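Structure data follow from start15.cif (mmCIF, N, CA and C atoms):
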```
data_query
#
loop_
_atom_site.label_atom_id
_atom_site.label_comp_id
_atom_site.auth_asym_id
_atom_site.auth_seq_id
_atom_site.Cartn_x
_atom_site.Cartn_y
_atom_site.Cartn_z
N MET A 1 9.25 -10.59 0.94
CA MET A 1 8.10 -11.03 0.19
C MET A 1 8.59 -11.41 -1.22
N LYS A 2 8.41 -12.65 -1.60
CA LYS A 2 8.83 -13.11 -2.92
C LYS A 2 7.83 -12.63 -3.97
N ARG A 3 8.35 -12.04 -5.04
CA ARG A 3 7.52 -11.50 -6.13
C ARG A 3 7.41 -12.52 -7.25
N LYS A 4 6.20 -12.73 -7.73
CA LYS A 4 6.06 -13.59 -8.91
C LYS A 4 6.45 -12.77 -10.13
N ASN A 5 6.81 -13.49 -11.18
CA ASN A 5 7.20 -12.80 -12.40
C ASN A 5 6.82 -13.64 -13.61
N PHE A 6 6.38 -12.98 -14.66
CA PHE A 6 6.09 -13.60 -15.94
C PHE A 6 6.07 -12.49 -16.97
N GLN A 7 6.13 -12.86 -18.23
CA GLN A 7 6.12 -11.87 -19.30
C GLN A 7 4.70 -11.40 -19.57
N MET A 8 4.51 -10.08 -19.57
CA MET A 8 3.23 -9.49 -19.95
C MET A 8 3.18 -9.38 -21.48
N THR A 9 4.32 -9.02 -22.07
CA THR A 9 4.50 -8.97 -23.53
C THR A 9 5.90 -9.51 -23.79
N GLU A 10 6.33 -9.46 -25.01
CA GLU A 10 7.66 -9.99 -25.33
C GLU A 10 8.77 -9.32 -24.51
N HIS A 11 8.68 -8.01 -24.32
CA HIS A 11 9.77 -7.27 -23.66
C HIS A 11 9.44 -6.75 -22.27
N ILE A 12 8.21 -6.81 -21.84
CA ILE A 12 7.81 -6.23 -20.55
C ILE A 12 7.31 -7.34 -19.63
N SER A 13 7.86 -7.37 -18.42
CA SER A 13 7.46 -8.40 -17.46
C SER A 13 6.50 -7.84 -16.40
N TYR A 14 5.85 -8.76 -15.74
CA TYR A 14 4.98 -8.42 -14.61
C TYR A 14 5.78 -7.64 -13.56
N TYR A 15 7.00 -8.10 -13.29
CA TYR A 15 7.86 -7.43 -12.31
C TYR A 15 8.13 -5.98 -12.74
N ASP A 16 8.36 -5.75 -14.03
CA ASP A 16 8.65 -4.40 -14.52
C ASP A 16 7.54 -3.41 -14.15
N VAL A 17 6.29 -3.87 -14.21
CA VAL A 17 5.16 -2.96 -14.00
C VAL A 17 4.57 -3.01 -12.58
N THR A 18 5.09 -3.91 -11.74
CA THR A 18 4.60 -3.95 -10.35
C THR A 18 5.70 -3.65 -9.34
N ARG A 19 6.92 -3.51 -9.80
CA ARG A 19 8.04 -3.23 -8.90
C ARG A 19 7.85 -1.86 -8.25
N SER A 20 8.09 -1.81 -6.95
CA SER A 20 8.03 -0.55 -6.22
C SER A 20 9.14 -0.54 -5.18
N PRO A 21 10.18 0.28 -5.38
CA PRO A 21 11.23 0.36 -4.37
C PRO A 21 10.68 0.73 -2.99
N TRP A 22 9.65 1.59 -2.96
CA TRP A 22 9.06 1.98 -1.67
C TRP A 22 8.44 0.76 -0.99
N ALA A 23 7.66 -0.03 -1.74
CA ALA A 23 7.02 -1.23 -1.19
C ALA A 23 8.07 -2.23 -0.71
N GLU A 24 9.14 -2.38 -1.47
CA GLU A 24 10.21 -3.30 -1.07
C GLU A 24 10.89 -2.81 0.20
N ARG A 25 11.18 -1.52 0.27
CA ARG A 25 11.86 -0.95 1.43
C ARG A 25 11.03 -1.09 2.70
N TYR A 26 9.72 -0.86 2.59
CA TYR A 26 8.85 -0.89 3.77
C TYR A 26 8.03 -2.18 3.89
N HIS A 27 8.37 -3.17 3.08
CA HIS A 27 7.71 -4.48 3.13
C HIS A 27 6.20 -4.37 3.03
N ARG A 28 5.75 -3.64 2.02
CA ARG A 28 4.32 -3.46 1.76
C ARG A 28 3.93 -4.22 0.50
N ASP A 29 2.72 -4.70 0.48
CA ASP A 29 2.21 -5.47 -0.66
C ASP A 29 1.87 -4.53 -1.82
N ASN A 30 2.32 -4.90 -3.01
CA ASN A 30 2.00 -4.13 -4.20
C ASN A 30 1.51 -5.09 -5.29
N THR A 31 0.61 -5.98 -4.90
CA THR A 31 0.10 -6.99 -5.82
C THR A 31 -1.24 -6.54 -6.39
N PRO A 32 -1.33 -6.46 -7.72
CA PRO A 32 -2.61 -6.08 -8.33
C PRO A 32 -3.62 -7.22 -8.27
N ASP A 33 -4.91 -6.85 -8.24
CA ASP A 33 -5.96 -7.86 -8.34
C ASP A 33 -6.16 -8.22 -9.81
N CYS A 34 -7.14 -9.05 -10.10
CA CYS A 34 -7.35 -9.52 -11.49
C CYS A 34 -7.66 -8.39 -12.46
N LEU A 35 -8.52 -7.45 -12.06
CA LEU A 35 -8.86 -6.34 -12.95
C LEU A 35 -7.66 -5.42 -13.16
N GLN A 36 -6.90 -5.16 -12.10
CA GLN A 36 -5.70 -4.32 -12.22
C GLN A 36 -4.66 -5.01 -13.10
N THR A 37 -4.54 -6.34 -12.98
CA THR A 37 -3.61 -7.09 -13.83
C THR A 37 -4.04 -7.01 -15.29
N ALA A 38 -5.34 -7.10 -15.55
CA ALA A 38 -5.84 -6.97 -16.93
C ALA A 38 -5.50 -5.58 -17.48
N ALA A 39 -5.65 -4.55 -16.64
CA ALA A 39 -5.31 -3.19 -17.07
C ALA A 39 -3.81 -3.07 -17.35
N LEU A 40 -2.98 -3.68 -16.52
CA LEU A 40 -1.54 -3.66 -16.75
C LEU A 40 -1.18 -4.38 -18.05
N GLU A 41 -1.82 -5.51 -18.30
CA GLU A 41 -1.58 -6.23 -19.56
C GLU A 41 -1.95 -5.36 -20.76
N ASN A 42 -3.06 -4.66 -20.64
CA ASN A 42 -3.49 -3.74 -21.71
C ASN A 42 -2.48 -2.61 -21.89
N LEU A 43 -2.02 -2.03 -20.80
CA LEU A 43 -1.02 -0.96 -20.83
C LEU A 43 0.25 -1.45 -21.53
N CYS A 44 0.66 -2.66 -21.21
CA CYS A 44 1.86 -3.23 -21.84
C CYS A 44 1.64 -3.47 -23.33
N ARG A 45 0.50 -4.05 -23.68
CA ARG A 45 0.21 -4.40 -25.08
C ARG A 45 0.02 -3.16 -25.95
N VAL A 46 -0.74 -2.18 -25.44
CA VAL A 46 -1.11 -1.01 -26.25
C VAL A 46 0.01 0.04 -26.28
N LEU A 47 0.70 0.25 -25.17
CA LEU A 47 1.65 1.35 -25.09
C LEU A 47 3.09 0.90 -24.95
N LEU A 48 3.40 0.11 -23.94
CA LEU A 48 4.81 -0.17 -23.63
C LEU A 48 5.51 -1.03 -24.68
N GLU A 49 4.87 -2.09 -25.14
CA GLU A 49 5.51 -2.96 -26.14
C GLU A 49 5.75 -2.22 -27.46
N PRO A 50 4.75 -1.51 -28.01
CA PRO A 50 5.02 -0.75 -29.25
C PRO A 50 6.12 0.30 -29.06
N LEU A 51 6.13 0.95 -27.90
CA LEU A 51 7.15 1.96 -27.62
C LEU A 51 8.53 1.30 -27.55
N TRP A 52 8.62 0.17 -26.88
CA TRP A 52 9.88 -0.57 -26.79
C TRP A 52 10.37 -0.95 -28.19
N CYS A 53 9.47 -1.48 -29.00
CA CYS A 53 9.85 -1.91 -30.35
C CYS A 53 10.32 -0.74 -31.22
N ALA A 54 9.73 0.43 -31.03
CA ALA A 54 10.09 1.60 -31.83
C ALA A 54 11.32 2.32 -31.30
N CYS A 55 11.50 2.36 -29.98
CA CYS A 55 12.53 3.21 -29.38
C CYS A 55 13.61 2.46 -28.62
N GLY A 56 13.46 1.17 -28.44
CA GLY A 56 14.45 0.40 -27.70
C GLY A 56 14.05 0.25 -26.24
N PRO A 57 14.94 -0.34 -25.44
CA PRO A 57 14.64 -0.63 -24.03
C PRO A 57 14.16 0.61 -23.27
N LEU A 58 13.18 0.38 -22.41
CA LEU A 58 12.56 1.45 -21.62
C LEU A 58 13.01 1.37 -20.17
N THR A 59 13.04 2.51 -19.51
CA THR A 59 13.26 2.55 -18.08
C THR A 59 11.94 2.93 -17.44
N ILE A 60 11.31 1.94 -16.81
CA ILE A 60 10.03 2.17 -16.15
C ILE A 60 10.30 2.65 -14.74
N ARG A 61 9.92 3.88 -14.48
CA ARG A 61 10.12 4.50 -13.17
C ARG A 61 9.11 3.97 -12.17
N GLY A 62 7.91 3.69 -12.65
CA GLY A 62 6.86 3.15 -11.80
C GLY A 62 5.61 2.95 -12.63
N ALA A 63 4.84 1.95 -12.27
CA ALA A 63 3.56 1.72 -12.95
C ALA A 63 2.50 1.48 -11.88
N PHE A 64 2.22 0.23 -11.55
CA PHE A 64 1.15 -0.07 -10.60
C PHE A 64 1.51 0.36 -9.17
N HIS A 65 0.52 0.98 -8.50
CA HIS A 65 0.62 1.30 -7.07
C HIS A 65 -0.61 0.75 -6.37
N SER A 66 -0.41 -0.14 -5.40
CA SER A 66 -1.53 -0.55 -4.55
C SER A 66 -1.95 0.68 -3.73
N GLN A 67 -3.07 0.59 -3.08
CA GLN A 67 -3.53 1.73 -2.28
C GLN A 67 -2.52 2.08 -1.19
N VAL A 68 -1.98 1.09 -0.51
CA VAL A 68 -1.01 1.36 0.55
C VAL A 68 0.26 1.99 0.00
N VAL A 69 0.70 1.56 -1.17
CA VAL A 69 1.88 2.15 -1.80
C VAL A 69 1.59 3.57 -2.23
N ASN A 70 0.43 3.79 -2.85
CA ASN A 70 0.05 5.12 -3.29
C ASN A 70 0.01 6.10 -2.11
N GLU A 71 -0.56 5.66 -1.00
CA GLU A 71 -0.61 6.51 0.21
C GLU A 71 0.79 6.74 0.76
N GLY A 72 1.62 5.69 0.77
CA GLY A 72 2.99 5.81 1.26
C GLY A 72 3.82 6.77 0.44
N LEU A 73 3.56 6.81 -0.86
CA LEU A 73 4.28 7.73 -1.75
C LEU A 73 3.67 9.13 -1.74
N ARG A 74 2.57 9.27 -1.01
CA ARG A 74 1.83 10.54 -0.93
C ARG A 74 1.38 11.02 -2.31
N GLU A 75 0.92 10.05 -3.11
CA GLU A 75 0.42 10.35 -4.45
C GLU A 75 -1.05 10.73 -4.36
N VAL A 76 -1.58 11.25 -5.44
CA VAL A 76 -2.98 11.68 -5.50
C VAL A 76 -3.92 10.47 -5.40
N GLY A 77 -5.00 10.63 -4.66
CA GLY A 77 -6.02 9.59 -4.62
C GLY A 77 -6.69 9.53 -6.00
N GLY A 78 -7.13 8.38 -6.40
CA GLY A 78 -7.77 8.25 -7.71
C GLY A 78 -6.77 8.16 -8.85
N SER A 79 -5.49 8.02 -8.53
CA SER A 79 -4.45 7.92 -9.55
C SER A 79 -4.67 6.69 -10.43
N LEU A 80 -4.43 6.84 -11.72
CA LEU A 80 -4.54 5.70 -12.63
C LEU A 80 -3.45 4.67 -12.40
N HIS A 81 -2.42 5.02 -11.62
CA HIS A 81 -1.43 4.03 -11.21
C HIS A 81 -2.11 2.96 -10.36
N MET A 82 -3.13 3.35 -9.60
CA MET A 82 -3.83 2.42 -8.72
C MET A 82 -4.73 1.45 -9.48
N THR A 83 -5.12 1.78 -10.69
CA THR A 83 -5.96 0.89 -11.48
C THR A 83 -5.13 0.06 -12.47
N GLY A 84 -3.82 0.34 -12.54
CA GLY A 84 -2.96 -0.37 -13.49
C GLY A 84 -2.99 0.25 -14.88
N GLU A 85 -3.48 1.48 -14.98
CA GLU A 85 -3.63 2.11 -16.29
C GLU A 85 -2.60 3.21 -16.57
N ALA A 86 -1.59 3.34 -15.70
CA ALA A 86 -0.60 4.41 -15.89
C ALA A 86 0.81 3.90 -15.64
N VAL A 87 1.75 4.57 -16.29
CA VAL A 87 3.16 4.25 -16.15
C VAL A 87 3.95 5.56 -16.24
N ASP A 88 5.05 5.62 -15.50
CA ASP A 88 5.99 6.74 -15.58
C ASP A 88 7.28 6.20 -16.19
N LEU A 89 7.77 6.88 -17.22
CA LEU A 89 8.98 6.46 -17.91
C LEU A 89 10.10 7.46 -17.65
N ALA A 90 11.28 6.93 -17.36
CA ALA A 90 12.44 7.77 -17.08
C ALA A 90 13.35 7.81 -18.31
N GLY A 91 14.17 8.84 -18.34
CA GLY A 91 15.14 8.98 -19.42
C GLY A 91 15.61 10.42 -19.49
N ASP A 92 16.55 10.67 -20.38
CA ASP A 92 16.99 12.04 -20.57
C ASP A 92 15.94 12.80 -21.37
N VAL A 93 16.09 14.11 -21.48
CA VAL A 93 15.09 14.96 -22.12
C VAL A 93 14.81 14.51 -23.55
N GLU A 94 15.85 14.24 -24.32
CA GLU A 94 15.64 13.84 -25.72
C GLU A 94 14.91 12.51 -25.83
N THR A 95 15.26 11.57 -24.98
CA THR A 95 14.58 10.27 -24.99
C THR A 95 13.11 10.43 -24.66
N LEU A 96 12.81 11.21 -23.62
CA LEU A 96 11.42 11.41 -23.23
C LEU A 96 10.63 12.15 -24.31
N ARG A 97 11.26 13.09 -24.98
CA ARG A 97 10.60 13.78 -26.10
C ARG A 97 10.28 12.79 -27.22
N ARG A 98 11.22 11.88 -27.51
CA ARG A 98 11.01 10.87 -28.54
C ARG A 98 9.85 9.95 -28.15
N TYR A 99 9.80 9.53 -26.88
CA TYR A 99 8.68 8.71 -26.40
C TYR A 99 7.36 9.47 -26.57
N TYR A 100 7.36 10.73 -26.17
CA TYR A 100 6.15 11.55 -26.27
C TYR A 100 5.65 11.60 -27.72
N ARG A 101 6.54 11.91 -28.65
CA ARG A 101 6.15 12.01 -30.06
C ARG A 101 5.61 10.68 -30.59
N PHE A 102 6.26 9.58 -30.21
CA PHE A 102 5.78 8.28 -30.67
C PHE A 102 4.39 7.99 -30.12
N ILE A 103 4.19 8.21 -28.84
CA ILE A 103 2.91 7.90 -28.21
C ILE A 103 1.78 8.69 -28.84
N VAL A 104 1.94 10.01 -28.97
CA VAL A 104 0.84 10.81 -29.51
C VAL A 104 0.56 10.50 -30.99
N SER A 105 1.55 9.95 -31.69
CA SER A 105 1.36 9.63 -33.11
C SER A 105 0.90 8.20 -33.38
N HIS A 106 1.20 7.27 -32.45
CA HIS A 106 0.99 5.86 -32.77
C HIS A 106 0.21 5.04 -31.73
N VAL A 107 -0.18 5.65 -30.62
CA VAL A 107 -0.81 4.89 -29.55
C VAL A 107 -2.18 5.47 -29.23
N ASP A 108 -3.14 4.61 -28.93
CA ASP A 108 -4.45 5.06 -28.45
C ASP A 108 -4.32 5.28 -26.94
N TYR A 109 -3.95 6.50 -26.55
CA TYR A 109 -3.60 6.81 -25.16
C TYR A 109 -4.71 7.61 -24.48
N ASP A 110 -4.62 7.66 -23.17
CA ASP A 110 -5.51 8.49 -22.37
C ASP A 110 -4.84 9.85 -22.12
N GLN A 111 -3.68 9.81 -21.46
CA GLN A 111 -2.92 11.03 -21.19
C GLN A 111 -1.44 10.77 -21.39
N VAL A 112 -0.72 11.80 -21.76
CA VAL A 112 0.74 11.76 -21.79
C VAL A 112 1.24 13.17 -21.49
N PHE A 113 2.08 13.27 -20.46
CA PHE A 113 2.64 14.57 -20.07
C PHE A 113 3.90 14.39 -19.24
N PHE A 114 4.68 15.47 -19.19
CA PHE A 114 5.93 15.48 -18.44
C PHE A 114 5.65 15.87 -16.99
N GLU A 115 6.37 15.21 -16.07
CA GLU A 115 6.31 15.56 -14.65
C GLU A 115 7.73 15.80 -14.17
N TYR A 116 7.84 16.58 -13.09
CA TYR A 116 9.16 17.01 -12.61
C TYR A 116 9.20 17.06 -11.09
N ARG A 117 10.42 17.00 -10.60
CA ARG A 117 10.70 17.33 -9.20
C ARG A 117 11.55 18.61 -9.22
N ARG A 118 11.50 19.33 -8.13
CA ARG A 118 12.31 20.56 -8.04
C ARG A 118 13.79 20.27 -8.21
N SER A 119 14.20 19.04 -7.89
CA SER A 119 15.61 18.65 -8.01
C SER A 119 16.06 18.59 -9.47
N GLY A 120 15.11 18.63 -10.41
CA GLY A 120 15.44 18.55 -11.82
C GLY A 120 15.10 17.21 -12.43
N GLU A 121 14.75 16.23 -11.61
CA GLU A 121 14.35 14.92 -12.13
C GLU A 121 13.09 15.09 -12.98
N MET A 122 13.04 14.41 -14.11
CA MET A 122 11.90 14.52 -15.02
C MET A 122 11.52 13.13 -15.50
N TRP A 123 10.23 12.92 -15.75
CA TRP A 123 9.75 11.67 -16.31
C TRP A 123 8.52 11.94 -17.15
N LEU A 124 8.11 10.94 -17.90
CA LEU A 124 6.94 11.05 -18.76
C LEU A 124 5.84 10.16 -18.18
N HIS A 125 4.73 10.79 -17.83
CA HIS A 125 3.56 10.06 -17.31
C HIS A 125 2.67 9.71 -18.50
N CYS A 126 2.30 8.43 -18.60
CA CYS A 126 1.47 7.96 -19.70
C CYS A 126 0.36 7.09 -19.13
N SER A 127 -0.82 7.20 -19.72
CA SER A 127 -1.91 6.31 -19.30
C SER A 127 -2.70 5.83 -20.50
N VAL A 128 -3.24 4.61 -20.33
CA VAL A 128 -4.10 3.97 -21.33
C VAL A 128 -5.21 3.31 -20.54
N ARG A 129 -6.45 3.64 -20.85
CA ARG A 129 -7.59 3.06 -20.14
C ARG A 129 -7.85 1.64 -20.60
N LEU A 130 -8.29 0.81 -19.68
CA LEU A 130 -8.63 -0.57 -20.02
C LEU A 130 -9.74 -0.60 -21.06
N ASP A 131 -10.74 0.25 -20.88
CA ASP A 131 -11.79 0.42 -21.89
C ASP A 131 -11.36 1.58 -22.79
N ASP A 132 -10.91 1.27 -23.99
CA ASP A 132 -10.35 2.32 -24.85
C ASP A 132 -11.33 3.43 -25.18
N ARG A 133 -12.62 3.20 -24.98
CA ARG A 133 -13.59 4.29 -25.20
C ARG A 133 -13.44 5.40 -24.17
N ASP A 134 -12.75 5.11 -23.05
CA ASP A 134 -12.53 6.11 -22.01
C ASP A 134 -11.27 6.94 -22.22
N ASN A 135 -10.45 6.60 -23.22
CA ASN A 135 -9.23 7.36 -23.49
C ASN A 135 -9.58 8.78 -23.93
N ARG A 136 -8.97 9.75 -23.25
CA ARG A 136 -9.28 11.17 -23.50
C ARG A 136 -8.35 11.83 -24.52
N HIS A 137 -7.26 11.18 -24.87
CA HIS A 137 -6.28 11.71 -25.82
C HIS A 137 -5.80 13.10 -25.41
N GLN A 138 -5.42 13.22 -24.13
CA GLN A 138 -4.89 14.49 -23.61
C GLN A 138 -3.36 14.43 -23.62
N ALA A 139 -2.77 15.30 -24.40
CA ALA A 139 -1.31 15.36 -24.51
C ALA A 139 -0.86 16.77 -24.18
N PHE A 140 0.10 16.86 -23.27
CA PHE A 140 0.63 18.15 -22.83
C PHE A 140 2.13 18.15 -23.08
N PRO A 141 2.59 18.85 -24.13
CA PRO A 141 4.00 18.77 -24.53
C PRO A 141 4.94 19.66 -23.72
N ASN A 142 4.45 20.38 -22.74
CA ASN A 142 5.30 21.30 -21.98
C ASN A 142 6.32 20.54 -21.15
N TYR A 143 7.52 21.04 -21.15
CA TYR A 143 8.57 20.48 -20.32
C TYR A 143 9.50 21.63 -19.93
N VAL A 144 10.24 21.41 -18.87
CA VAL A 144 11.18 22.42 -18.37
C VAL A 144 12.58 21.90 -18.62
N LEU A 145 13.45 22.75 -19.13
CA LEU A 145 14.84 22.33 -19.35
C LEU A 145 15.67 22.60 -18.13
#
```
Could you write out this structure as structure tokens?
Amino acid sequence: MKRKNFQMTEHISYYDVTRSPWAERYHRDNTPDCLQTAALENLCRVLLEPLWCACGPLTIRGAFHSQVVNEGLREVGGSLHMTGEAVDLAGDVETLRRYYRFIVSHVDYDQVFFEYRRSGEMWLHCSVRLDDRDNRHQAFPNYVL
């Protein structure tokens, strides 16, 4: 399946926020609709581009999940990844801490918190609502070393 690509912001592309290794591996569609694309554009404009400009290149672990991808990944139903309003960022502990501090200080966010796998893999989950009045400003600084 050929993926379209274009710049959402100066540094973040459509491919960056819709890429799914799981969808590619199992040949599943991970194409957002118009409203989900608008939410992804907002996520890029409000959170990812300012973060990139302040901290340098980002490693996006995952952003948009279509329903079939979300189910295939066995993620929670109702995930903001499905609406295009969430992104997971990868990096070492210090990098993720720096991202966390920047987001809570400079971004109108919904949620930001650390997630982990038992294997020790860690990432930062961030969300920004398309309607900024819905942003809850929930920040959870706990992390495991």
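Across the model, the gap from atom CA of A:Phe64 to atom N of A:Met82 is 5.6 Å.
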Checklist entry - Any idea what the distance is between atom CA of A:Thr31 and atom CA of A:Arg45? => result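 According to the coordinates, atom CA of A:Thr31 and atom CA of A:Arg45 are separated by 19.4 Å.
Evaluating the PyMOL selection byres (((chain A and resi 102-107 and name CA) around 10) and name CA) against the shown model yields Val46, Leu47, Leu48, Pro50, Leu51, Ala54, Cys55, Leu96, Arg97, Arg98, Tyr99, Tyr100, Arg101, Asp108, Tyr109, Asp110, Gln111, Val112, Cys126, Val128, His137, Gln138, Ala139, Phe140 and Pro141 of chain A.
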Restricting it to N, CA and C atoms, dump the selection as a compact mmCIF listing (two decimals), in the coordinates of the input.
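Final output, out.txt:
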```txt
# COMPACT_ATOMS: atom_id res chain seq x y z
N VAL A 46 -0.74 -2.18 -25.44
CA VAL A 46 -1.11 -1.01 -26.25
C VAL A 46 0.01 0.04 -26.28
N LEU A 47 0.70 0.25 -25.17
CA LEU A 47 1.65 1.35 -25.09
C LEU A 47 3.09 0.90 -24.95
N LEU A 48 3.40 0.11 -23.94
CA LEU A 48 4.81 -0.17 -23.63
C LEU A 48 5.51 -1.03 -24.68
N PRO A 50 4.75 -1.51 -28.01
CA PRO A 50 5.02 -0.75 -29.25
C PRO A 50 6.12 0.30 -29.06
N LEU A 51 6.13 0.95 -27.90
CA LEU A 51 7.15 1.96 -27.62
C LEU A 51 8.53 1.30 -27.55
N ALA A 54 9.73 0.43 -31.03
CA ALA A 54 10.09 1.60 -31.83
C ALA A 54 11.32 2.32 -31.30
N CYS A 55 11.50 2.36 -29.98
CA CYS A 55 12.53 3.21 -29.38
C CYS A 55 13.61 2.46 -28.62
N LEU A 96 12.81 11.21 -23.62
CA LEU A 96 11.42 11.41 -23.23
C LEU A 96 10.63 12.15 -24.31
N ARG A 97 11.26 13.09 -24.98
CA ARG A 97 10.60 13.78 -26.10
C ARG A 97 10.28 12.79 -27.22
N ARG A 98 11.22 11.88 -27.51
CA ARG A 98 11.01 10.87 -28.54
C ARG A 98 9.85 9.95 -28.15
N TYR A 99 9.80 9.53 -26.88
CA TYR A 99 8.68 8.71 -26.40
C TYR A 99 7.36 9.47 -26.57
N TYR A 100 7.36 10.73 -26.17
CA TYR A 100 6.15 11.55 -26.27
C TYR A 100 5.65 11.60 -27.72
N ARG A 101 6.54 11.91 -28.65
CA ARG A 101 6.15 12.01 -30.06
C ARG A 101 5.61 10.68 -30.59
N ASP A 108 -3.14 4.61 -28.93
CA ASP A 108 -4.45 5.06 -28.45
C ASP A 108 -4.32 5.28 -26.94
N TYR A 109 -3.95 6.50 -26.55
CA TYR A 109 -3.60 6.81 -25.16
C TYR A 109 -4.71 7.61 -24.48
N ASP A 110 -4.62 7.66 -23.17
CA ASP A 110 -5.51 8.49 -22.37
C ASP A 110 -4.84 9.85 -22.12
N GLN A 111 -3.68 9.81 -21.46
CA GLN A 111 -2.92 11.03 -21.19
C GLN A 111 -1.44 10.77 -21.39
N VAL A 112 -0.72 11.80 -21.76
CA VAL A 112 0.74 11.76 -21.79
C VAL A 112 1.24 13.17 -21.49
N CYS A 126 2.30 8.43 -18.60
CA CYS A 126 1.47 7.96 -19.70
C CYS A 126 0.36 7.09 -19.13
N VAL A 128 -3.24 4.61 -20.33
CA VAL A 128 -4.10 3.97 -21.33
C VAL A 128 -5.21 3.31 -20.54
N HIS A 137 -7.26 11.18 -24.87
CA HIS A 137 -6.28 11.71 -25.82
C HIS A 137 -5.80 13.10 -25.41
N GLN A 138 -5.42 13.22 -24.13
CA GLN A 138 -4.89 14.49 -23.61
C GLN A 138 -3.36 14.43 -23.62
N ALA A 139 -2.77 15.30 -24.40
CA ALA A 139 -1.31 15.36 -24.51
C ALA A 139 -0.86 16.77 -24.18
N PHE A 140 0.10 16.86 -23.27
CA PHE A 140 0.63 18.15 -22.83
C PHE A 140 2.13 18.15 -23.08
N PRO A 141 2.59 18.85 -24.13
CA PRO A 141 4.00 18.77 -24.53
C PRO A 141 4.94 19.66 -23.72
```
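Comparing the minimum interatomic distances between A:Thr37 and each of A:Glu24, A:Arg136, A:Val68, A:Thr83, counting all atoms listed in the file, we find that A:Thr83 sits nearest.
Between atom CA of A:Cys53 and atom C of A:Ile12 lies a distance of 12.3 Å.
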Next on the checklist: Suppose a student applies the PyMOL selection byres ((chain A and resi 38-41) around 8) to this structure; what residues should they get, written as an MDAnalysis selection string?
Outcome noted: chainID A and resid 8:9 17 32:37 42:47 64 83:86 128:131
Next on the checklist: For the structure I just gave you, how does DSSP split stretch 14-120 of chain A - specifically, which residues are helix (DSSP H, G or I)? Reply as a ChimeraX atom specification.
Outcome noted: /A:14-18,21-26,34-55,67-72,93-106
Checklist entry - Out of A:Val76, A:Met122, A:Ala90, A:Val69, which residue has the shortest atom-to-atom distance to A:Ala23 when counting only C-alpha atoms? => result A:Val69
Checklist entry - Taking only C-alpha atoms into account, which of A:Asp134, A:Leu124, A:Gly62, A:Gln7 comes nearest A:Arg19? => result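 Using only C-alpha atoms, A:Arg19 sits closest to A:Gly62.
Nearest residue to A:Asp92, choosing from A:Leu80, A:Leu73, A:Ala63, A:Leu58 and counting only C-alpha atoms: A:Leu58.
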Checklist entry - Which of chain A counts as strand (DSSP E or B) under DSSP, as a PyMOL selection string please? => result chain A and resi 7+13+59-62+86-90+111-116+122-127+138-140
Work out where the centre of an axis-aligned box around every listed atom of stretch 99-105 of chain A lies and how long its edges are once 4 Å is added on each side; give both in Å to one decimal as JSON.
```
{"center_x": 5.2, "center_y": 10.0, "center_z": -29.8, "size_x": 17.2, "size_y": 12.1, "size_z": 15.2}
```
For this file, the PyMOL selection byres (((chain A and resi 5 and name CA) around 7) and name CA) selects which residues, as a PDB file with N, CA and C atoms, keeping the file's coordinate frame?
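And here is the file that came out, out_20.pdb:
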```pdb
ATOM      1  N   ARG A   3       8.350 -12.040  -5.040  1.00  0.00           N
ATOM      2  CA  ARG A   3       7.520 -11.500  -6.130  1.00  0.00           C
ATOM      3  C   ARG A   3       7.410 -12.520  -7.250  1.00  0.00           C
ATOM      4  N   LYS A   4       6.200 -12.730  -7.730  1.00  0.00           N
ATOM      5  CA  LYS A   4       6.060 -13.590  -8.910  1.00  0.00           C
ATOM      6  C   LYS A   4       6.450 -12.770 -10.130  1.00  0.00           C
ATOM      7  N   PHE A   6       6.380 -12.980 -14.660  1.00  0.00           N
ATOM      8  CA  PHE A   6       6.090 -13.600 -15.940  1.00  0.00           C
ATOM      9  C   PHE A   6       6.070 -12.490 -16.970  1.00  0.00           C
ATOM     10  N   SER A  13       7.860  -7.370 -18.420  1.00  0.00           N
ATOM     11  CA  SER A  13       7.460  -8.400 -17.460  1.00  0.00           C
ATOM     12  C   SER A  13       6.500  -7.840 -16.400  1.00  0.00           C
ATOM     13  N   TYR A  14       5.850  -8.760 -15.740  1.00  0.00           N
ATOM     14  CA  TYR A  14       4.980  -8.420 -14.610  1.00  0.00           C
ATOM     15  C   TYR A  14       5.780  -7.640 -13.560  1.00  0.00           C
ATOM     16  N   TYR A  15       7.000  -8.100 -13.290  1.00  0.00           N
ATOM     17  CA  TYR A  15       7.860  -7.430 -12.310  1.00  0.00           C
ATOM     18  C   TYR A  15       8.130  -5.980 -12.740  1.00  0.00           C
TER      19      TYR A  15
END
```
